[in-house]
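With mmCIF, C-alpha atoms inside, this is work-v8.cif:
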data_model
#
loop_
_atom_site.label_atom_id
_atom_site.label_comp_id
_atom_site.auth_asym_id
_atom_site.auth_seq_id
_atom_site.Cartn_x
_atom_site.Cartn_y
_atom_site.Cartn_z
CA MET A 132 61.56 -117.48 -154.05
CA SER A 133 62.77 -114.24 -152.55
CA LEU A 134 61.15 -112.08 -149.96
CA ALA A 135 61.61 -108.47 -148.87
CA SER A 136 64.86 -107.21 -147.36
CA GLY A 137 65.51 -108.35 -143.79
CA SER A 138 63.66 -111.54 -144.27
CA SER A 139 65.49 -114.80 -144.32
CA THR A 140 65.85 -116.74 -147.51
CA ARG A 141 63.92 -119.93 -147.62
CA ARG A 142 64.72 -123.12 -149.46
CA LYS A 143 62.63 -126.04 -150.37
CA THR A 144 63.18 -129.32 -148.80
CA PRO A 145 62.82 -132.55 -150.72
CA GLU A 146 59.37 -132.84 -149.29
CA GLY A 147 58.41 -129.50 -150.78
CA LEU A 148 58.56 -127.58 -147.50
CA GLU A 149 60.45 -124.35 -147.16
CA THR A 150 63.12 -124.07 -144.51
CA PRO A 151 64.46 -120.76 -143.21
CA GLU A 152 68.08 -120.06 -144.00
CA GLY A 153 68.91 -119.71 -140.37
CA LEU A 154 67.83 -123.23 -139.68
CA LYS A 155 70.12 -124.78 -142.25
CA PRO A 156 72.85 -127.10 -141.04
CA PRO A 157 76.19 -125.41 -140.35
CA GLU A 158 77.91 -126.98 -143.36
CA GLU A 159 75.32 -125.45 -145.66
CA ARG A 160 75.49 -122.00 -144.04
CA GLY A 161 79.21 -121.73 -144.62
CA THR A 162 80.13 -121.43 -140.96
CA PRO A 163 83.26 -123.28 -139.80
CA THR A 164 82.52 -126.33 -137.75
CA THR A 165 84.54 -129.01 -136.17
CA SER A 166 83.61 -132.38 -137.47
CA THR A 167 82.99 -134.87 -134.81
CA PRO A 168 82.76 -138.53 -135.74
CA HIS A 169 79.49 -140.02 -134.91
CA THR A 170 80.06 -142.41 -132.10
CA GLY A 171 76.58 -142.61 -130.74
CA THR A 172 77.59 -140.62 -127.65
CA PRO A 173 76.78 -136.98 -127.00
CA PRO A 174 79.53 -134.37 -127.35
CA ALA A 175 81.86 -133.82 -124.44
CA SER A 176 80.59 -130.30 -123.98
CA ILE A 177 77.20 -131.56 -123.05
CA GLU A 178 77.20 -132.67 -119.44
CA GLU A 179 75.22 -135.73 -118.68
CA PRO A 180 73.68 -136.25 -115.31
CA ALA A 181 75.74 -138.64 -113.22
CA ALA A 182 74.42 -142.15 -113.43
CA ALA A 183 72.94 -143.38 -110.18
CA VAL A 184 75.14 -146.04 -108.54
CA PRO A 185 73.04 -149.11 -107.92
CA ILE A 186 72.86 -149.94 -104.24
CA ARG A 187 73.11 -153.61 -103.60
CA PRO A 188 70.71 -154.59 -100.89
CA GLY A 189 72.56 -155.96 -97.90
CA ARG A 190 72.02 -159.49 -96.67
CA PRO A 191 69.36 -159.42 -94.01
CA ARG A 192 70.78 -160.16 -90.62
CA PRO A 193 69.25 -163.08 -88.76
CA GLN A 194 66.95 -161.97 -86.06
CA ARG A 195 68.23 -162.94 -82.65
CA ALA A 196 65.80 -164.34 -80.20
CA PRO A 197 65.12 -162.05 -77.27
CA VAL A 198 67.38 -162.65 -74.30
CA LEU A 199 64.66 -162.97 -71.69
CA PRO A 200 62.80 -165.90 -73.31
CA ARG A 201 66.09 -167.75 -73.76
CA VAL A 202 67.02 -167.24 -70.13
CA LEU A 203 63.59 -168.40 -68.99
CA ARG A 204 63.79 -171.43 -71.26
CA ALA A 205 67.24 -172.36 -69.92
CA ALA A 206 66.04 -171.91 -66.34
CA LEU A 207 63.01 -174.09 -67.01
CA THR A 208 65.17 -176.81 -68.56
CA CYS A 209 67.57 -176.73 -65.60
CA ALA A 210 64.70 -176.88 -63.14
CA THR A 211 63.13 -179.83 -64.96
CA LYS A 212 66.38 -181.79 -64.93
CA SER A 213 67.10 -181.10 -61.26
CA VAL A 214 63.61 -181.63 -59.83
CA ALA A 215 64.29 -185.31 -59.05
CA ILE A 216 67.53 -184.48 -57.22
CA VAL A 217 65.83 -181.71 -55.25
CA ALA A 218 63.04 -184.13 -54.28
CA LEU A 219 65.61 -186.69 -53.10
CA LEU A 220 67.45 -184.13 -50.97
CA LEU A 221 64.17 -182.89 -49.52
CA ALA A 222 63.15 -186.42 -48.58
CA TRP A 223 66.60 -186.97 -47.10
CA GLU A 224 66.19 -183.85 -44.97
CA LEU A 225 62.64 -184.54 -43.76
CA ALA A 226 62.70 -188.33 -43.20
CA PRO A 227 65.11 -188.23 -40.20
CA ARG A 228 63.44 -185.15 -38.72
CA PHE A 229 60.00 -186.76 -38.74
CA GLY A 230 61.33 -190.03 -37.30
CA LEU A 231 60.81 -192.11 -40.42
CA VAL A 232 64.42 -193.32 -40.14
CA ASP A 233 66.92 -193.29 -37.31
CA ARG A 234 68.85 -190.04 -37.62
CA THR A 235 71.82 -191.67 -35.92
CA PHE A 236 72.46 -193.76 -39.04
CA LEU A 237 70.94 -191.35 -41.58
CA PRO A 238 71.36 -187.77 -40.39
CA PRO A 239 69.50 -184.95 -42.19
CA PHE A 240 71.10 -183.58 -45.30
CA SER A 241 71.77 -180.25 -43.60
CA GLU A 242 74.06 -181.99 -41.07
CA VAL A 243 75.84 -183.80 -43.88
CA ALA A 244 76.33 -180.49 -45.71
CA ARG A 245 77.74 -178.96 -42.52
CA ALA A 246 80.16 -181.86 -42.11
CA TRP A 247 81.15 -181.56 -45.77
CA TRP A 248 81.97 -177.89 -45.30
CA GLU A 249 84.05 -178.67 -42.22
CA LEU A 250 86.05 -181.21 -44.24
CA VAL A 251 86.61 -178.59 -46.92
CA ALA A 252 87.68 -176.00 -44.36
CA ASN A 253 90.27 -178.20 -42.64
CA GLY A 254 91.65 -179.51 -45.97
CA GLN A 255 90.87 -183.20 -45.41
CA LEU A 256 88.42 -183.40 -48.29
CA ALA A 257 90.79 -181.78 -50.78
CA ASP A 258 93.72 -184.04 -49.81
CA ASN A 259 91.69 -187.24 -50.01
CA ALA A 260 89.94 -186.23 -53.22
CA GLN A 261 93.26 -185.38 -54.85
CA ALA A 262 94.71 -188.77 -53.95
CA SER A 263 91.69 -190.57 -55.39
CA LEU A 264 91.59 -188.51 -58.58
CA VAL A 265 95.28 -189.08 -59.31
CA ARG A 266 94.86 -192.84 -58.97
CA SER A 267 91.59 -192.94 -60.90
CA PHE A 268 92.75 -190.79 -63.80
CA SER A 269 96.07 -192.63 -64.04
CA GLY A 270 94.37 -196.01 -64.31
CA PHE A 271 91.61 -194.70 -66.58
CA GLY A 272 94.05 -192.99 -68.96
CA THR A 273 96.22 -196.10 -69.17
CA ALA A 274 93.18 -198.26 -69.94
CA VAL A 275 92.06 -195.91 -72.74
CA ALA A 276 95.55 -195.76 -74.25
CA VAL A 277 95.81 -199.57 -74.32
CA SER A 278 92.25 -200.71 -75.00
CA VAL A 279 91.24 -198.41 -77.86
CA PRO A 280 94.12 -199.35 -80.23
CA LEU A 281 93.83 -203.02 -79.26
CA GLY A 282 90.07 -202.98 -79.85
CA LEU A 283 90.50 -201.34 -83.26
CA LEU A 284 93.08 -203.97 -84.19
CA ILE A 285 90.92 -206.88 -83.05
CA GLY A 286 87.81 -205.50 -84.71
CA TRP A 287 89.56 -204.77 -88.00
CA TYR A 288 91.41 -208.07 -88.37
CA ARG A 289 89.10 -211.04 -88.03
CA PRO A 290 91.86 -213.69 -87.44
CA VAL A 291 93.12 -211.73 -84.41
CA ALA A 292 89.57 -211.57 -83.03
CA ASP A 293 89.05 -215.31 -83.49
CA LEU A 294 92.32 -216.01 -81.70
CA LEU A 295 91.81 -213.75 -78.67
CA ASN A 296 88.04 -213.82 -78.21
CA PRO A 297 87.85 -216.88 -75.88
CA LEU A 298 90.51 -215.44 -73.56
CA LEU A 299 88.88 -212.03 -73.54
CA GLN A 300 85.52 -213.51 -72.60
CA VAL A 301 87.13 -215.19 -69.58
CA PHE A 302 88.57 -211.92 -68.30
CA LEU A 303 85.38 -210.02 -69.06
CA ASN A 304 83.33 -212.28 -66.84
CA THR A 305 85.82 -212.14 -63.95
CA ALA A 306 84.91 -209.33 -61.58
CA ALA A 307 87.67 -206.85 -60.86
CA LEU A 308 86.93 -206.72 -57.13
CA ALA A 309 87.27 -210.52 -56.96
CA LEU A 310 90.85 -210.12 -58.15
CA LEU A 311 91.65 -207.29 -55.74
CA PRO A 312 93.34 -209.62 -53.17
CA VAL A 313 95.46 -211.02 -55.99
CA PHE A 314 96.62 -207.55 -57.01
CA VAL A 315 97.41 -206.71 -53.38
CA LEU A 316 99.41 -209.94 -52.91
CA LEU A 317 101.37 -209.48 -56.13
CA LEU A 318 101.86 -205.70 -56.09
CA GLY A 319 101.52 -204.78 -52.42
CA ILE A 320 99.23 -202.23 -50.83
CA GLY A 321 100.90 -199.21 -52.41
CA GLU A 322 99.86 -197.08 -55.37
CA THR A 323 100.75 -199.71 -57.97
CA SER A 324 98.09 -202.19 -56.92
CA LYS A 325 95.35 -199.54 -56.80
CA ILE A 326 96.17 -198.13 -60.23
CA SER A 327 96.48 -201.63 -61.67
CA ILE A 328 93.05 -202.70 -60.45
CA VAL A 329 91.57 -199.56 -62.03
CA VAL A 330 93.30 -200.35 -65.33
CA TYR A 331 91.95 -203.90 -65.26
CA ALA A 332 88.40 -202.80 -64.46
CA CYS A 333 88.32 -200.05 -67.12
CA ALA A 334 89.97 -201.99 -69.92
CA TRP A 335 87.14 -204.41 -70.69
CA PRO A 336 84.23 -202.00 -71.30
CA ILE A 337 86.45 -199.91 -73.57
CA LEU A 338 87.89 -202.91 -75.40
CA PHE A 339 84.63 -204.68 -76.17
CA ASN A 340 82.80 -201.51 -77.16
CA THR A 341 85.64 -200.64 -79.53
CA ILE A 342 85.52 -204.09 -81.12
CA SER A 343 81.76 -203.81 -81.51
CA ALA A 344 82.08 -200.32 -82.98
CA VAL A 345 84.42 -201.48 -85.74
CA ARG A 346 82.36 -204.52 -86.61
CA THR A 347 79.04 -202.67 -86.77
CA VAL A 348 80.05 -199.89 -89.17
CA ASP A 349 77.34 -199.26 -91.76
CA PRO A 350 78.03 -201.61 -94.72
CA THR A 351 76.76 -198.94 -97.11
CA LEU A 352 79.58 -196.63 -96.05
CA LEU A 353 82.10 -199.38 -96.61
CA ARG A 354 80.77 -200.14 -100.11
CA LEU A 355 80.83 -196.47 -101.07
CA ALA A 356 84.38 -196.08 -99.78
CA LYS A 357 85.57 -199.18 -101.62
CA SER A 358 83.94 -197.96 -104.82
CA MET A 359 86.21 -194.90 -104.60
CA ASP A 360 89.28 -197.19 -104.55
CA LEU A 361 90.42 -196.06 -101.12
CA SER A 362 93.39 -197.87 -99.70
CA ALA A 363 93.01 -199.83 -96.49
CA PRO A 364 94.70 -197.17 -94.30
CA ARG A 365 92.60 -194.38 -95.84
CA LEU A 366 89.45 -196.45 -95.48
CA PHE A 367 90.22 -196.99 -91.82
CA GLN A 368 91.05 -193.31 -91.25
CA LYS A 369 88.15 -191.76 -93.17
CA VAL A 370 85.33 -194.24 -92.58
CA ILE A 371 85.94 -196.81 -89.85
CA LEU A 372 87.39 -194.56 -87.17
CA PRO A 373 84.87 -191.66 -87.43
CA ALA A 374 81.91 -194.05 -87.53
CA SER A 375 83.20 -195.87 -84.44
CA VAL A 376 83.54 -192.80 -82.19
CA PRO A 377 80.03 -192.89 -80.59
CA THR A 378 80.21 -196.55 -79.60
CA ILE A 379 83.79 -196.21 -78.38
CA PHE A 380 82.79 -193.33 -76.13
CA THR A 381 79.96 -195.39 -74.70
CA GLY A 382 82.58 -197.81 -73.41
CA ILE A 383 84.79 -194.96 -72.22
CA ARG A 384 81.93 -193.45 -70.20
CA LEU A 385 81.18 -196.83 -68.63
CA ALA A 386 84.85 -197.19 -67.77
CA GLY A 387 84.87 -193.73 -66.19
CA ALA A 388 82.14 -194.75 -63.75
CA VAL A 389 83.83 -198.09 -63.06
CA SER A 390 87.18 -196.43 -62.35
CA ILE A 391 85.80 -194.47 -59.39
CA VAL A 392 83.77 -197.35 -57.94
CA VAL A 393 86.63 -199.85 -58.07
CA LEU A 394 89.12 -197.35 -56.71
CA VAL A 395 86.96 -196.55 -53.68
CA ALA A 396 86.68 -200.25 -52.91
CA ALA A 397 90.46 -200.65 -53.25
CA GLU A 398 91.09 -197.69 -50.94
CA MET A 399 88.86 -199.21 -48.29
CA ILE A 400 91.09 -202.26 -48.04
CA GLY A 401 94.50 -200.70 -47.74
CA ALA A 402 95.20 -196.99 -48.08
CA LYS A 403 96.23 -194.01 -46.01
CA ALA A 404 94.51 -191.39 -48.18
CA GLY A 405 91.64 -191.21 -50.61
CA LEU A 406 87.88 -190.88 -50.53
CA GLY A 407 87.49 -194.61 -49.88
CA TYR A 408 89.84 -194.29 -46.92
CA LEU A 409 87.87 -191.26 -45.67
CA ILE A 410 84.56 -193.14 -45.83
CA ASN A 411 86.00 -196.21 -44.14
CA ALA A 412 87.72 -194.22 -41.37
CA SER A 413 84.57 -192.18 -40.73
CA GLN A 414 82.56 -195.37 -40.35
CA TYR A 415 85.02 -196.81 -37.82
CA ASN A 416 85.02 -193.56 -35.84
CA PHE A 417 81.23 -193.35 -36.06
CA ALA A 418 81.44 -189.96 -37.76
CA ILE A 419 78.35 -190.68 -39.85
CA PRO A 420 77.88 -187.16 -41.34
CA GLN A 421 81.47 -187.22 -42.58
CA MET A 422 80.92 -190.65 -44.09
CA TYR A 423 77.94 -189.40 -46.08
CA ALA A 424 79.91 -186.29 -47.05
CA GLY A 425 82.54 -188.54 -48.65
CA ILE A 426 79.84 -190.51 -50.46
CA VAL A 427 78.24 -187.32 -51.81
CA THR A 428 81.65 -186.12 -53.00
CA ILE A 429 82.20 -189.34 -54.93
CA SER A 430 78.78 -188.95 -56.60
CA VAL A 431 79.51 -185.35 -57.61
CA ILE A 432 82.89 -186.30 -59.04
CA GLY A 433 81.34 -189.15 -61.01
CA VAL A 434 78.65 -186.92 -62.51
CA ALA A 435 81.18 -184.19 -63.41
CA PHE A 436 83.52 -186.74 -65.01
CA ASN A 437 80.68 -188.20 -67.06
CA GLN A 438 79.62 -184.74 -68.29
CA LEU A 439 83.22 -184.03 -69.30
CA LEU A 440 83.31 -187.23 -71.38
CA VAL A 441 79.96 -186.33 -72.97
CA ALA A 442 81.35 -182.93 -73.99
CA VAL A 443 84.46 -184.54 -75.51
CA GLU A 444 82.28 -187.03 -77.40
CA LYS A 445 80.16 -184.22 -78.88
CA ARG A 446 83.32 -182.45 -79.92
CA LEU A 447 84.75 -185.47 -81.72
CA SER A 448 81.46 -186.49 -83.35
CA SER A 449 80.26 -183.02 -84.38
CA TRP A 450 79.98 -184.25 -87.99
CA ARG A 451 76.97 -186.40 -87.10
CA VAL A 452 73.56 -185.15 -88.15
CA PRO A 453 71.30 -184.99 -85.08
CA ALA A 454 68.28 -187.24 -85.20
CA THR A 455 65.00 -185.46 -85.83
CA SER A 456 61.72 -186.70 -84.50
#
Kindly return the structure encoded in the file as C-alpha cells.
Amino acid sequence: MSLASGSSTRRKTPEGLETPEGLKPPEERGTPTTSTPHTGTPPASIEEPAAAVPIRPGRPRPQRAPVLPRVLRAALTCATKSVAIVALLLAWELAPRFGLVDRTFLPPFSEVARAWWELVANGQLADNAQASLVRSFSGFGTAVAVSVPLGLLIGWYRPVADLLNPLLQVFLNTAALALLPVFVLLLGIGETSKISIVVYACAWPILFNTISAVRTVDPTLLRLAKSMDLSAPRLFQKVILPASVPTIFTGIRLAGAVSIVVLVAAEMIGAKAGLGYLINASQYNFAIPQMYAGIVTISVIGVAFNQLLVAVEKRLSSWRVPATS
C-alpha cells in the first residue's frame, strides 16, 4: 500500500501490522552495518555505570572496659588482700604504746621501721641480705637440679621406687636442723656447711612431690596417649611431664620457704654475715628494733620469693584450663 509523496512506505508485519520504513532493521534498509556477534553483552560504545564495589564489613573491635572501673577494681582487690597485714601492723604499733606489752621487748612498728631505714642507710642490711640470698639460692638451685630429675626417675620406674623408698622415708623424717651440728663438724663453719644444709632441707619436699606428681597423672591421659602408639620418651615428654608441673611446683614452693628458714638458723650458729647473723648479733647487743628489722626483712624476702615461684608456675602451666565455679 502506497501513500502520498513524502510519507514513509509501510510494510506489513507477520502479525498484520504495518511498520514504517524508517523503523526497519538496518539490514533491511540497505544501510551498511557492522555485524557484531551476539555475546549477551552490550556494545562497547555503550558505557555501563561502574559496578559498585562491595564493602566488606570490618570485624567489630572488642570493646575495652573503661580504665577507671578497672583501676578501682584493682585497688579494691589490693586493699582486700592487704587488710589483714595492715591490721597486724596497726596492732603492733598501738599495743606497746598503750602498755599492753612491754615496749622494751616489742617496740612499736614505727621504731622498727626507723631502725630498718638506718640499716639500709649504713649498708648493713644490704650486705647481710646479699650474703643470705647467695647461700639460699645456691642451695635451693642445687636441690631443684638434683631432686626433680631424681623424682621423675623414681616415679616413672617402679623398681627404683621400691628400692629407694625405705631409705628416703628415713631421711624425710630426720629434721634438717637436727643434722646441723653434723654438717658443721664434717664441713666446718664456712659457706660449704651452710649451703649443704640448705640443699638437704630443700631436697625432700621437691623429691617427694615430684614422685607423687608422676604417679598421680590422670590414667585417662595415659590411655589416650598409649592408644596413639606414642613411644615411652614421647609419652613422658608430652603427657607425664606437663601434667606433673603443678604438683612439682608445690614442692618447689615449700622448699623455697624452707631454704630461708634453715639458712637463718644455720647463720645463727656460726657466721660472720647474713640475716641470721644480724638478728643474733642484735639480740646479744640488745638492739631490739634492729632485731625485728632483720626479721621483717626475712619475711619480705620469703613472700617475694614465693610470688616469683608462683609466676614461674603460671608461665609453665599456662596450658591448663582454669577451674570455673
Enumerate, in order of chain and increasing residue number, the residues of range 334-400 of chain A with an atom no farther than 8 Å from range 269-279 of chain A, each with its shortest atom pair and distance in Å to one decimal, counting all atoms listed in the file, as CSV.
residue,atom,partner,partner_atom,distance
A:Ala334,CA,A:Ala274,CA,4.9
A:Trp335,CA,A:Ser278,CA,7.6
A:Ile337,CA,A:Ser278,CA,6.0
A:Leu338,CA,A:Ser278,CA,4.9
A:Thr341,CA,A:Val279,CA,6.3
A:Ile379,CA,A:Val279,CA,7.8
A:Ile383,CA,A:Val275,CA,7.4
A:Ala386,CA,A:Phe271,CA,7.3
A:Gly387,CA,A:Phe271,CA,6.8
A:Ser390,CA,A:Phe271,CA,6.4
With C-alpha atoms kept, could you save the residues just selected as an mmCIF file, in the coordinates of the input?
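Everything below was put into part_30.cif:
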data_model
loop_
_atom_site.group_PDB
_atom_site.id
_atom_site.type_symbol
_atom_site.label_atom_id
_atom_site.label_comp_id
_atom_site.auth_asym_id
_atom_site.auth_seq_id
_atom_site.Cartn_x
_atom_site.Cartn_y
_atom_site.Cartn_z
ATOM 1 C CA ALA A 334 89.970 -201.990 -69.920
ATOM 2 C CA TRP A 335 87.140 -204.410 -70.690
ATOM 3 C CA ILE A 337 86.450 -199.910 -73.570
ATOM 4 C CA LEU A 338 87.890 -202.910 -75.400
ATOM 5 C CA THR A 341 85.640 -200.640 -79.530
ATOM 6 C CA ILE A 379 83.790 -196.210 -78.380
ATOM 7 C CA ILE A 383 84.790 -194.960 -72.220
ATOM 8 C CA ALA A 386 84.850 -197.190 -67.770
ATOM 9 C CA GLY A 387 84.870 -193.730 -66.190
ATOM 10 C CA SER A 390 87.180 -196.430 -62.350
#
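Put simply, the PyMOL selection byres ((chain A and resi 283-292) around 7) in this file takes in Val279, Pro280, Leu281, Gly282, Asp293, Leu294, Leu295, Asn296, Thr341, Ile342, Val345 and Arg346 of chain A.
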Store the residues picked out above, limited to C-alpha atoms, as a PDB file, keeping the file's coordinate frame.
ATOM      1  CA  VAL A 279      91.240-198.410 -77.860  1.00  0.00           C
ATOM      2  CA  PRO A 280      94.120-199.350 -80.230  1.00  0.00           C
ATOM      3  CA  LEU A 281      93.830-203.020 -79.260  1.00  0.00           C
ATOM      4  CA  GLY A 282      90.070-202.980 -79.850  1.00  0.00           C
ATOM      5  CA  ASP A 293      89.050-215.310 -83.490  1.00  0.00           C
ATOM      6  CA  LEU A 294      92.320-216.010 -81.700  1.00  0.00           C
ATOM      7  CA  LEU A 295      91.810-213.750 -78.670  1.00  0.00           C
ATOM      8  CA  ASN A 296      88.040-213.820 -78.210  1.00  0.00           C
ATOM      9  CA  THR A 341      85.640-200.640 -79.530  1.00  0.00           C
ATOM     10  CA  ILE A 342      85.520-204.090 -81.120  1.00  0.00           C
ATOM     11  CA  VAL A 345      84.420-201.480 -85.740  1.00  0.00           C
ATOM     12  CA  ARG A 346      82.360-204.520 -86.610  1.00  0.00           C
TER      13      ARG A 346
END
Original post:
Quick one: of A:Ala424, A:Val370, A:Ile429, A:Ala222, who's nearest to Ala396 in chain A, counting only C-alpha atoms?
Top reply: A:Ile429
Neighbours of Val427 in chain A within 12 Å (only C-alpha atoms; same-chain residues fewer than 4 positions away dropped), as a PDB file with C-alpha atoms, in the coordinates of the input?
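Everything below was put into around-v3.pdb:
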ATOM      1  CA  LEU A 220      67.450-184.130 -50.970  1.00  0.00           C
ATOM      2  CA  PHE A 240      71.100-183.580 -45.300  1.00  0.00           C
ATOM      3  CA  VAL A 243      75.840-183.800 -43.880  1.00  0.00           C
ATOM      4  CA  ALA A 244      76.330-180.490 -45.710  1.00  0.00           C
ATOM      5  CA  ALA A 246      80.160-181.860 -42.110  1.00  0.00           C
ATOM      6  CA  TRP A 247      81.150-181.560 -45.770  1.00  0.00           C
ATOM      7  CA  LEU A 256      88.420-183.400 -48.290  1.00  0.00           C
ATOM      8  CA  ALA A 260      89.940-186.230 -53.220  1.00  0.00           C
ATOM      9  CA  LEU A 406      87.880-190.880 -50.530  1.00  0.00           C
ATOM     10  CA  GLY A 407      87.490-194.610 -49.880  1.00  0.00           C
ATOM     11  CA  ILE A 410      84.560-193.140 -45.830  1.00  0.00           C
ATOM     12  CA  PRO A 420      77.880-187.160 -41.340  1.00  0.00           C
ATOM     13  CA  GLN A 421      81.470-187.220 -42.580  1.00  0.00           C
ATOM     14  CA  MET A 422      80.920-190.650 -44.090  1.00  0.00           C
ATOM     15  CA  TYR A 423      77.940-189.400 -46.080  1.00  0.00           C
ATOM     16  CA  VAL A 431      79.510-185.350 -57.610  1.00  0.00           C
ATOM     17  CA  ILE A 432      82.890-186.300 -59.040  1.00  0.00           C
ATOM     18  CA  GLY A 433      81.340-189.150 -61.010  1.00  0.00           C
ATOM     19  CA  VAL A 434      78.650-186.920 -62.510  1.00  0.00           C
TER      20      VAL A 434
END
May I have the centre and edge lengths, in Å to one decimal, of an axis-aligned box around the listed atoms of range 221-237 of chain A with 8 Å added to every side, as JSON?
{"center_x": 66.2, "center_y": -188.3, "center_z": -42.7, "size_x": 28.5, "size_y": 26.9, "size_z": 29.6}
Subject >> Computed interatomic separation between CA of Asn416 in chain A and CA of Thr323 in chain A (Å) >> reply: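 Result for CA of Asn416 in chain A versus CA of Thr323 in chain A: 27.8 Å, one decimal.
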Give as an mmCIF file with C-alpha atoms, in the frame of the given file every residue, naming chains and numbers as the document does, that has an atom within 10 Å of (92.7, -202.3, -60.7), counting only C-alpha atoms.
data_model
loop_
_atom_site.group_PDB
_atom_site.id
_atom_site.type_symbol
_atom_site.label_atom_id
_atom_site.label_comp_id
_atom_site.auth_asym_id
_atom_site.auth_seq_id
_atom_site.Cartn_x
_atom_site.Cartn_y
_atom_site.Cartn_z
ATOM 1 C CA ARG A 266 94.860 -192.840 -58.970
ATOM 2 C CA SER A 267 91.590 -192.940 -60.900
ATOM 3 C CA GLY A 270 94.370 -196.010 -64.310
ATOM 4 C CA PHE A 271 91.610 -194.700 -66.580
ATOM 5 C CA ALA A 307 87.670 -206.850 -60.860
ATOM 6 C CA LEU A 308 86.930 -206.720 -57.130
ATOM 7 C CA LEU A 310 90.850 -210.120 -58.150
ATOM 8 C CA LEU A 311 91.650 -207.290 -55.740
ATOM 9 C CA PHE A 314 96.620 -207.550 -57.010
ATOM 10 C CA VAL A 315 97.410 -206.710 -53.380
ATOM 11 C CA THR A 323 100.750 -199.710 -57.970
ATOM 12 C CA SER A 324 98.090 -202.190 -56.920
ATOM 13 C CA LYS A 325 95.350 -199.540 -56.800
ATOM 14 C CA ILE A 326 96.170 -198.130 -60.230
ATOM 15 C CA SER A 327 96.480 -201.630 -61.670
ATOM 16 C CA ILE A 328 93.050 -202.700 -60.450
ATOM 17 C CA VAL A 329 91.570 -199.560 -62.030
ATOM 18 C CA VAL A 330 93.300 -200.350 -65.330
ATOM 19 C CA TYR A 331 91.950 -203.900 -65.260
ATOM 20 C CA ALA A 332 88.400 -202.800 -64.460
ATOM 21 C CA CYS A 333 88.320 -200.050 -67.120
ATOM 22 C CA ALA A 334 89.970 -201.990 -69.920
ATOM 23 C CA SER A 390 87.180 -196.430 -62.350
ATOM 24 C CA VAL A 393 86.630 -199.850 -58.070
ATOM 25 C CA LEU A 394 89.120 -197.350 -56.710
ATOM 26 C CA ALA A 397 90.460 -200.650 -53.250
#
**OP:** Grab the CA of Ala374 in chain A to CA of Gln438 in chain A distance for me, in Å with one decimal place.
**Re:** 21.5 Å
Subject >> Atomic distance CA of Thr351 in chain A - CA of Glu444 in chain A, expressed in Å with one decimal >> reply: 23.7 Å
Subject >> Exercise: Arg234 in chain A partners within 12 Å, only C-alpha atoms, chain neighbours under 3 positions left out, as a PyMOL selection string >> reply: chain A and resi 223-231+237-243+419-420
Output the residue selection produced by the PyMOL selection byres ((chain A and resi 447) around 12) on the file above, formatted as a short mmCIF file (atom, residue, chain, number, x, y, z; two decimals) with C-alpha atoms, keeping the file's coordinate frame.
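Generated file (expr_25.cif):
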data_model
loop_
_atom_site.label_atom_id
_atom_site.label_comp_id
_atom_site.auth_asym_id
_atom_site.auth_seq_id
_atom_site.Cartn_x
_atom_site.Cartn_y
_atom_site.Cartn_z
CA LEU A 372 87.39 -194.56 -87.17
CA PRO A 373 84.87 -191.66 -87.43
CA ALA A 374 81.91 -194.05 -87.53
CA SER A 375 83.20 -195.87 -84.44
CA VAL A 376 83.54 -192.80 -82.19
CA PRO A 377 80.03 -192.89 -80.59
CA ILE A 379 83.79 -196.21 -78.38
CA PHE A 380 82.79 -193.33 -76.13
CA LEU A 440 83.31 -187.23 -71.38
CA VAL A 441 79.96 -186.33 -72.97
CA ALA A 442 81.35 -182.93 -73.99
CA VAL A 443 84.46 -184.54 -75.51
CA GLU A 444 82.28 -187.03 -77.40
CA LYS A 445 80.16 -184.22 -78.88
CA ARG A 446 83.32 -182.45 -79.92
CA SER A 448 81.46 -186.49 -83.35
CA SER A 449 80.26 -183.02 -84.38
CA TRP A 450 79.98 -184.25 -87.99
CA ARG A 451 76.97 -186.40 -87.10
#
Subject >> For Leu316 in chain A, the nearest of the candidates A:Ser213, A:Trp248, A:Ala412, A:Gly401, counting all atoms listed in the file >> reply: A:Gly401
Original post:
Nearest to Gly382 in chain A: which of A:Ala418, A:Leu203, A:Ala344, A:Leu219 is it, counting all atoms listed in the file?
Top reply: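 Ranked by minimum distance to Gly382 in chain A, first place goes to A:Ala344.
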**OP:** Would you mind telling me which residue in A:Ala404, A:Leu298, A:Ala356, A:Leu250 lies nearest to Gly425 in chain A when using all atoms listed in the file?
**Re:** A:Leu250
Spatial neighbours of Leu366 in chain A, max dist 10 Å, all atoms listed in the file, sep filter under 6 positions, as a compact mmCIF listing (two decimals) with C-alpha atoms, in the frame of the given file:
# COMPACT_ATOMS: atom_id res chain seq x y z
CA LEU A 352 79.58 -196.63 -96.05
CA LEU A 353 82.10 -199.38 -96.61
CA ALA A 356 84.38 -196.08 -99.78
CA LYS A 357 85.57 -199.18 -101.62
CA MET A 359 86.21 -194.90 -104.60
CA ASP A 360 89.28 -197.19 -104.55
CA LEU A 372 87.39 -194.56 -87.17
